[in-house]
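J.: Below is the file my_file-v6.txt, which contains compact mmCIF, C-alpha atoms.
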```
# COMPACT_ATOMS: atom_id res chain seq x y z
CA THR I 1 38.47 3.85 -59.20
CA LEU I 2 35.98 1.33 -57.84
CA LEU I 3 36.55 1.60 -54.08
CA ASN I 4 37.15 4.32 -51.50
CA THR I 5 40.57 5.37 -50.22
CA TYR I 6 42.57 4.43 -47.14
CA TYR I 7 42.11 8.03 -46.01
CA GLU I 8 38.32 7.78 -46.14
CA GLN I 9 38.32 4.36 -44.52
CA THR I 10 40.48 5.55 -41.63
CA THR I 11 38.35 8.64 -41.10
CA GLU I 12 35.05 6.77 -41.02
CA GLY I 13 36.50 3.99 -38.88
CA MET I 14 37.66 6.49 -36.28
CA ARG I 15 34.29 8.23 -36.38
CA TYR I 16 32.45 4.97 -35.73
CA LEU I 17 34.67 3.96 -32.82
CA LYS I 18 34.49 7.42 -31.26
CA ASP I 19 30.70 7.62 -31.55
CA THR I 20 30.05 4.03 -30.50
CA TYR I 21 32.36 3.78 -27.51
CA GLY I 22 32.76 7.42 -26.47
CA LEU I 23 36.52 7.36 -27.04
CA SER I 24 38.60 10.52 -27.27
CA LYS I 25 42.30 9.65 -27.80
CA VAL I 26 43.63 8.28 -31.07
CA CYS I 27 47.09 7.07 -32.07
CA ALA I 28 48.73 5.55 -35.15
CA MET I 29 51.12 2.71 -35.97
CA TYR I 30 52.45 2.86 -39.51
CA LEU I 31 55.12 2.11 -42.05
CA PRO I 32 56.83 5.26 -43.38
CA THR I 33 55.58 4.63 -46.94
CA ASP I 34 52.89 6.23 -49.12
CA PHE I 35 50.45 3.68 -47.69
CA GLY I 36 51.45 4.44 -44.13
CA PHE I 37 51.51 8.22 -44.55
CA GLU I 38 48.00 8.24 -46.04
CA ILE I 39 46.59 6.51 -42.96
CA SER I 40 48.76 8.49 -40.53
CA ASN I 41 47.77 11.77 -42.19
CA ALA I 42 44.08 10.87 -42.02
CA THR I 43 44.42 10.01 -38.34
CA LYS I 44 46.07 13.32 -37.52
CA ALA I 45 44.17 15.64 -39.86
CA GLU I 46 40.67 14.36 -39.16
CA ALA I 47 40.88 13.70 -35.43
CA GLU I 48 40.16 17.18 -34.13
CA GLY I 49 37.18 17.74 -36.44
CA MET I 50 35.36 14.77 -34.94
CA GLY I 51 36.22 15.49 -31.33
CA LEU I 52 39.28 13.26 -30.99
CA THR I 53 42.74 14.16 -29.73
CA PHE I 54 45.72 12.77 -31.60
CA VAL I 55 48.08 11.58 -28.86
CA SER I 56 50.94 9.47 -30.12
CA GLU I 57 52.40 7.34 -32.92
CA THR I 58 54.99 4.68 -33.64
CA THR I 59 56.70 3.98 -36.95
CA HIS I 60 57.95 0.59 -38.07
CA ARG I 61 59.99 -1.28 -40.64
CA PRO I 62 58.38 -3.87 -42.93
CA ASP I 63 60.42 -6.64 -41.28
CA ASP I 64 59.59 -5.72 -37.66
CA GLN I 65 58.38 -8.72 -35.66
CA ASP I 66 58.54 -7.56 -32.03
CA PHE I 67 55.97 -4.92 -31.05
CA VAL I 68 56.10 -5.18 -27.27
CA GLY I 69 57.86 -1.84 -26.85
CA ALA I 70 55.56 -0.02 -29.27
CA VAL I 71 52.43 -1.42 -27.65
CA GLN I 72 53.68 -0.53 -24.17
CA LYS I 73 54.42 3.03 -25.32
CA LEU I 74 50.97 3.55 -26.84
CA ARG I 75 49.33 2.09 -23.77
CA ALA I 76 51.30 4.41 -21.49
CA ASP I 77 50.32 7.35 -23.70
CA GLY I 78 46.64 6.60 -23.07
CA CYS I 79 45.66 5.60 -26.61
CA GLU I 80 42.06 4.43 -26.95
CA ILE I 81 41.93 4.01 -30.75
CA VAL I 82 44.98 2.86 -32.70
CA THR I 83 44.92 3.09 -36.48
CA MET I 84 47.26 0.66 -38.23
CA ALA I 85 49.10 0.85 -41.54
CA LEU I 86 51.25 -2.25 -41.18
CA GLY I 87 51.80 -5.50 -43.02
CA VAL I 88 49.25 -8.27 -42.51
CA ARG I 89 51.44 -10.37 -40.20
CA ALA I 90 52.54 -7.31 -38.25
CA GLY I 91 48.95 -6.21 -37.68
CA ILE I 92 48.07 -9.64 -36.32
CA THR I 93 51.12 -9.58 -34.07
CA VAL I 94 50.24 -6.14 -32.68
CA VAL I 95 46.72 -7.20 -31.71
CA GLY I 96 48.03 -10.43 -30.19
CA THR I 97 50.74 -8.59 -28.27
CA ALA I 98 48.20 -6.18 -26.77
CA LYS I 99 46.15 -9.13 -25.55
CA GLN I 100 49.18 -10.85 -24.08
CA LEU I 101 50.02 -7.66 -22.19
CA GLY I 102 46.47 -7.40 -20.87
CA TRP I 103 45.64 -4.20 -22.77
CA ALA I 104 41.92 -4.70 -23.30
CA ASP I 105 40.55 -1.15 -23.29
CA VAL I 106 41.80 -0.22 -26.78
CA LYS I 107 40.32 -0.50 -30.27
CA PHE I 108 42.67 -1.36 -33.12
CA LEU I 109 41.53 -0.21 -36.56
CA ALA I 110 42.78 -1.59 -39.87
CA THR I 111 41.81 -0.52 -43.37
CA SER I 112 40.98 -2.66 -46.39
CA ALA I 113 44.69 -3.57 -46.50
CA GLY I 114 44.10 -5.73 -43.41
CA PHE I 115 40.54 -6.74 -44.21
CA LEU I 116 41.45 -10.32 -45.14
CA GLU I 117 39.94 -13.71 -44.35
CA ALA I 118 43.29 -14.92 -43.02
CA VAL I 119 43.39 -12.11 -40.45
CA ALA I 120 40.00 -13.07 -39.04
CA ALA I 121 40.77 -16.78 -39.08
CA VAL I 122 43.93 -16.72 -36.92
CA PRO I 123 43.52 -19.63 -34.46
CA GLY I 124 42.75 -18.99 -30.83
CA GLY I 125 40.77 -15.81 -31.36
CA VAL I 126 43.95 -13.72 -31.51
CA THR I 127 42.33 -11.08 -33.72
CA ASP I 128 38.86 -11.11 -32.14
CA GLY I 129 37.80 -7.51 -31.59
CA LEU I 130 39.93 -6.07 -34.39
CA TYR I 131 38.04 -3.54 -36.52
CA ALA I 132 38.53 -2.81 -40.20
CA ALA I 133 37.12 -0.14 -42.48
CA ALA I 134 36.79 -1.04 -46.16
CA GLY I 135 34.66 -0.52 -49.26
CA TRP I 136 32.94 -3.88 -49.41
CA VAL I 137 31.38 -6.55 -47.19
CA ASP I 138 33.37 -9.70 -46.46
CA LEU I 139 32.72 -12.61 -48.81
CA LEU I 140 32.87 -15.52 -46.36
CA ALA I 141 30.55 -13.86 -43.86
CA ARG I 142 27.92 -13.81 -46.65
CA ARG I 143 28.69 -17.22 -48.11
CA ASP I 144 25.05 -18.32 -47.77
CA ASP I 145 23.65 -15.28 -49.60
CA PRO I 146 22.69 -15.94 -53.25
CA ALA I 147 25.32 -13.89 -55.11
CA PRO I 148 28.32 -14.84 -52.92
CA ALA I 149 27.21 -18.49 -52.80
CA GLN I 150 27.02 -18.67 -56.59
CA PHE I 151 30.39 -16.97 -57.00
CA ILE I 152 32.06 -19.27 -54.47
CA ALA I 153 30.64 -22.38 -56.15
CA ASP I 154 31.56 -21.23 -59.67
CA TYR I 155 35.06 -20.17 -58.62
CA GLU I 156 35.86 -23.45 -56.91
CA ALA I 157 34.49 -25.41 -59.86
CA ALA I 158 36.68 -23.42 -62.27
CA TYR I 159 39.92 -23.24 -60.30
CA GLY I 160 39.77 -26.06 -57.77
CA HIS I 161 40.43 -23.98 -54.67
CA PRO I 162 38.36 -21.70 -52.42
CA ALA I 163 37.38 -18.21 -53.49
CA THR I 164 38.83 -15.28 -51.57
CA GLY I 165 37.97 -11.64 -51.11
CA PHE I 166 40.66 -10.71 -53.62
CA ALA I 167 39.06 -12.99 -56.20
CA MET I 168 35.74 -11.30 -55.51
CA LEU I 169 37.23 -7.84 -55.97
CA GLY I 170 38.89 -8.88 -59.22
CA TYR I 171 35.59 -10.20 -60.53
CA SER I 172 33.75 -7.03 -59.54
CA ALA I 173 36.37 -4.86 -61.25
CA ALA I 174 36.09 -6.92 -64.43
CA ASP I 175 32.30 -6.77 -64.26
CA LEU I 176 32.53 -2.97 -64.00
CA VAL I 177 34.59 -2.74 -67.19
CA ILE I 178 32.25 -5.10 -69.05
CA ARG I 179 29.21 -3.03 -68.04
CA ALA I 180 30.93 0.09 -69.35
CA LEU I 181 31.91 -1.57 -72.64
CA GLU I 182 28.36 -2.81 -73.18
CA ALA I 183 26.98 0.65 -72.45
CA ALA I 184 29.47 2.25 -74.86
CA GLY I 185 28.40 -0.01 -77.73
CA PRO I 186 30.36 -1.37 -80.69
CA ASP I 187 31.70 1.96 -81.94
CA LEU I 188 34.06 2.33 -79.04
CA THR I 189 36.04 5.54 -78.57
CA GLN I 190 37.72 7.14 -75.61
CA ASP I 191 34.84 9.60 -75.30
CA SER I 192 32.13 6.96 -75.59
CA PHE I 193 33.81 4.78 -72.98
CA ARG I 194 34.16 7.72 -70.58
CA ALA I 195 30.50 8.62 -71.08
CA ALA I 196 29.49 5.00 -70.52
CA MET I 197 31.49 4.80 -67.30
CA GLU I 198 29.92 8.03 -66.07
CA SER I 199 26.44 6.62 -66.73
CA LEU I 200 26.84 3.52 -64.54
CA ASP I 201 24.70 3.22 -61.42
CA TYR I 202 24.03 -0.29 -60.10
CA LEU I 203 24.08 -2.52 -57.03
CA ASP I 204 27.04 -4.88 -57.05
CA GLU I 205 25.51 -7.79 -55.16
CA LEU I 206 28.85 -9.54 -54.89
CA ILE I 207 30.63 -6.85 -52.88
CA ASP I 208 27.26 -5.66 -51.48
CA ALA I 209 27.78 -2.02 -52.44
CA GLN I 210 26.13 0.54 -54.71
CA VAL I 211 28.40 1.55 -57.58
CA ALA I 212 27.70 4.91 -59.21
CA TYR I 213 29.73 7.25 -61.41
CA GLY I 214 29.09 10.65 -62.94
CA PRO I 215 30.85 13.49 -64.77
CA ASP I 216 32.07 14.84 -61.42
CA ASN I 217 32.41 11.48 -59.66
CA HIS I 218 35.00 8.95 -60.80
CA GLN I 219 34.94 6.91 -57.57
CA GLY I 220 32.49 4.06 -57.80
CA THR I 221 31.63 3.51 -54.15
CA SER I 222 31.49 6.16 -51.45
CA MET I 223 30.22 3.85 -48.73
CA VAL I 224 32.64 2.71 -46.02
CA THR I 225 31.89 -0.57 -44.28
CA ILE I 226 32.98 -1.16 -40.69
CA SER I 227 33.52 -4.78 -39.64
CA VAL I 228 34.86 -6.56 -36.57
CA VAL I 229 36.43 -9.98 -36.11
CA LYS I 230 34.37 -12.45 -34.11
CA ASP I 231 34.67 -16.26 -34.04
CA GLY I 232 37.02 -16.38 -37.03
CA LEU I 233 34.99 -14.20 -39.41
CA TRP I 234 34.55 -10.54 -40.23
CA HIS I 235 31.10 -9.33 -39.18
CA LEU I 236 29.63 -6.13 -40.63
CA VAL I 237 28.61 -3.69 -37.90
CA THR I 238 27.67 -0.61 -39.91
CA ARG I 239 27.96 1.32 -43.16
CA GLN I 240 29.08 4.95 -43.07
```
In structure tokens, write the structure found in this file.
T.:
Amino acid sequence: TLLNTYYEQTTEGMRYLKDTYGLSKVCAMYLPTDFGFEISNATKAEAEGMGLTFVSETTHRPDDQDFVGAVQKLRADGCEIVTMALGVRAGITVVGTAKQLGWADVKFLATSAGFLEAVAAVPGGVTDGLYAAAGWVDLLARRDDPAPAQFIADYEAAYGHPATGFAMLGYSAADLVIRALEAAGPDLTQDSFRAAMESLDYLDELIDAQVAYGPDNHQGTSMVTISVVKDGLWHLVTRQ
């Protein structure tokens, strides 16, 4: 794989929020799916080891639209960090609902599944203050840096519409495979391709992450980025 897991992202996101704000109580909102259970399990299993107490959770259906009751429950339970494994629209609605109810002393944490330009760009600052843990740095926040600027310009020239983070990730994944094929050489075999992949170690300037593999490491990036929404964009706050 190229990027880290939801489990790792959730763990490092909780660690950052706990250490930065001195928080101690964590909760989860999730869909009862493989995606949701991975984030819920990380929240529960890793909390105690970093000095957090897992307090409460709510589960949801993919078509849920009203989160007033769930937010009121988590607030009453004293949650200070809430990890989320919800759909994109649902995550936005949860954060907006908390603000409408005046619940300001809570930190909502998404993973790369919610780390999207559209989430940050919701009008009216609805998602301002939302945190996300991922394996890359947001494209639009770095649009003036050389590599992202060139990619954005080339993408729009080729396809006639703006580049997105998903386009960036697709390009980086393709670039990874090309690097491995070039390293393997013309006499390509399964063994030579595996050896070539395990030899890769480079800075991907587009996603702003070091990519490195080895015989005992088949995950390209181990770094977790923590970002927060401010003024319609994701802003990097730290790397874990």
J.: Residues of segment 81-144 of chain I that have any atom at most 12 Å from an atom of segment 214-221 of chain I: could you tabulate them with the shortest-distance atom pair and the distance in Å to one decimal, using all atoms listed in the file, ordered by chain and increasing number, as a Markdown table?
T.:
```
| residue | atom | partner | partner_atom | distance |
| --- | --- | --- | --- | --- |
| I:Ala134 | CA | I:Thr221 | CA | 10.5 |
| I:Gly135 | CA | I:Thr221 | CA | 7.0 |
| I:Trp136 | CA | I:Thr221 | CA | 8.9 |
```
J.: Pick out the residues sitting within 12 Å of Leu74 of chain I, and hand them over as a list in words; count only C-alpha atoms, and ignore anything fewer than 6 positions along from it in its own chain.
T.: Lys25, Val26, Cys27, Ala28, Met29, Phe54, Val55, Ser56, Glu57, Thr58, Thr59, Phe67, Val68, Glu80, Ile81, Val82, Thr83, Val94, Ala98, Trp103, Asp105, Val106, Lys107 and Phe108 of chain I
J.: Padding 5 Å on each side, edges along x, y and z: where is the centre of the box around the listed atoms of segment 191-208 of chain I, and how long are its edges in Å to one decimal? Output it as AutoDock Vina command-line options.
T.:
```
--center_x 29.4 --center_y 0.0 --center_z -63.5 --size_x 20.8 --size_y 29.1 --size_z 34.1
```
J.: Write out as JSON lines a residue-level contact list of segment 136-180 of chain I versus segment 109-128 of chain I with cut-off 12 Å: for each qualifying residue the closest pair of atoms and the distance in Å to one decimal, counting all atoms listed in the file, rows sorted by chain and residue number upward.
T.:
```
{"residue": "I:Trp136", "atom": "CA", "partner": "I:Ser112", "partner_atom": "CA", "distance": 8.7}
{"residue": "I:Val137", "atom": "CA", "partner": "I:Phe115", "partner_atom": "CA", "distance": 9.6}
{"residue": "I:Asp138", "atom": "CA", "partner": "I:Glu117", "partner_atom": "CA", "distance": 8.0}
{"residue": "I:Leu139", "atom": "CA", "partner": "I:Glu117", "partner_atom": "CA", "distance": 8.6}
{"residue": "I:Leu140", "atom": "CA", "partner": "I:Glu117", "partner_atom": "CA", "distance": 7.6}
{"residue": "I:Ala141", "atom": "CA", "partner": "I:Glu117", "partner_atom": "CA", "distance": 9.4}
{"residue": "I:Pro162", "atom": "CA", "partner": "I:Glu117", "partner_atom": "CA", "distance": 11.5}
{"residue": "I:Ala163", "atom": "CA", "partner": "I:Glu117", "partner_atom": "CA", "distance": 10.5}
{"residue": "I:Thr164", "atom": "CA", "partner": "I:Glu117", "partner_atom": "CA", "distance": 7.5}
{"residue": "I:Gly165", "atom": "CA", "partner": "I:Leu116", "partner_atom": "CA", "distance": 7.0}
{"residue": "I:Phe166", "atom": "CA", "partner": "I:Leu116", "partner_atom": "CA", "distance": 8.5}
{"residue": "I:Ala167", "atom": "CA", "partner": "I:Leu116", "partner_atom": "CA", "distance": 11.6}
{"residue": "I:Met168", "atom": "CA", "partner": "I:Leu116", "partner_atom": "CA", "distance": 11.9}
{"residue": "I:Leu169", "atom": "CA", "partner": "I:Ser112", "partner_atom": "CA", "distance": 11.5}
```
J.: Find, counting all atoms listed in the file, the residue in I:Ser40, I:Thr53, I:Ser192, I:Ser199 that gets nearest to Met84 of chain I.
T.: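 That would be I:Ser40, the residue with the smallest distance to Met84 of chain I.
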J.: Within 10 Å of Gly51 of chain I, counting all atoms listed in the file, which residues qualify if same-chain residues fewer than 2 places away don't, as a list in words?
T.: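 Here the answer would be Arg15, Lys18, Asp19, Leu23, Ser24, Lys25, Glu46, Ala47, Glu48, Gly49, Thr53 and Phe54 of chain I.
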J.: Just the selected residues (C-alpha atoms), exported as a PDB file, in the coordinates of the input, please.
T.:
```
ATOM      1  CA  ARG I  15      34.290   8.230 -36.380  1.00  0.00           C
ATOM      2  CA  LYS I  18      34.490   7.420 -31.260  1.00  0.00           C
ATOM      3  CA  ASP I  19      30.700   7.620 -31.550  1.00  0.00           C
ATOM      4  CA  LEU I  23      36.520   7.360 -27.040  1.00  0.00           C
ATOM      5  CA  SER I  24      38.600  10.520 -27.270  1.00  0.00           C
ATOM      6  CA  LYS I  25      42.300   9.650 -27.800  1.00  0.00           C
ATOM      7  CA  GLU I  46      40.670  14.360 -39.160  1.00  0.00           C
ATOM      8  CA  ALA I  47      40.880  13.700 -35.430  1.00  0.00           C
ATOM      9  CA  GLU I  48      40.160  17.180 -34.130  1.00  0.00           C
ATOM     10  CA  GLY I  49      37.180  17.740 -36.440  1.00  0.00           C
ATOM     11  CA  THR I  53      42.740  14.160 -29.730  1.00  0.00           C
ATOM     12  CA  PHE I  54      45.720  12.770 -31.600  1.00  0.00           C
TER      13      PHE I  54
END
```
J.: When distances are computed from all atoms listed in the file, which of I:Met223, I:Leu101, I:Ala45, I:Ile152 shows the smallest separation from Gln72 of chain I?
T.: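 Smallest distance to Gln72 of chain I is found for I:Leu101.
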J.: Which value, in Å to one decimal, gives the distance between atom CA of Ala133 of chain I and atom CA of Gly232 of chain I?
T.: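 Calculated distance between atom CA of Ala133 of chain I and atom CA of Gly232 of chain I is 17.1 Å.
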J.: Return the single residue from I:Asn41, I:Gln190, I:Thr225, I:Thr93 that is closest to Tyr7 of chain I, with distances computed using all atoms listed in the file.
T.: I:Asn41
J.: Would you kindly return, as JSON, numbers by chain, each protein, DNA or RNA residue with an atom no farther than 10 Å from any atom of Ser172 of chain I, considering all atoms listed in the file and excluding same-chain residues fewer than 6 positions away?
T.: {"I": [2, 166, 178, 204, 205, 206, 207]}
J.: Go ahead and write the selection's residues with C-alpha atoms as a tab-separated table (two decimals), in the frame of the given file.
T.:
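Result file part_38.tsv:
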```
chain	number	residue	atom	x	y	z
I	2	LEU	CA	35.98	1.33	-57.84
I	166	PHE	CA	40.66	-10.71	-53.62
I	178	ILE	CA	32.25	-5.10	-69.05
I	204	ASP	CA	27.04	-4.88	-57.05
I	205	GLU	CA	25.51	-7.79	-55.16
I	206	LEU	CA	28.85	-9.54	-54.89
I	207	ILE	CA	30.63	-6.85	-52.88
```
J.: Separation of atom CA of Pro62 of chain I and atom CA of His235 of chain I, in Å?
T.: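 Straight-line distance from atom CA of Pro62 of chain I to atom CA of His235 of chain I works out to 28.1 Å.
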J.: To one decimal place in Å, what is the distance between atom CA of Phe35 of chain I and atom CA of Leu86 of chain I?
T.: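 So the two atoms, atom CA of Phe35 of chain I and atom CA of Leu86 of chain I, lie 8.8 Å apart.
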J.: Please provide as a list in words all residues within 12 Å of Val177 of chain I, with the sequence filter that same-chain residues fewer than 6 positions apart are discarded (counting only C-alpha atoms).
T.: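 Here the answer would be Thr1, Leu2, Gly170, Tyr171, Ala183, Ala184, Phe193, Arg194, Ala196, Met197, Glu198, Leu200 and Gly220 of chain I.
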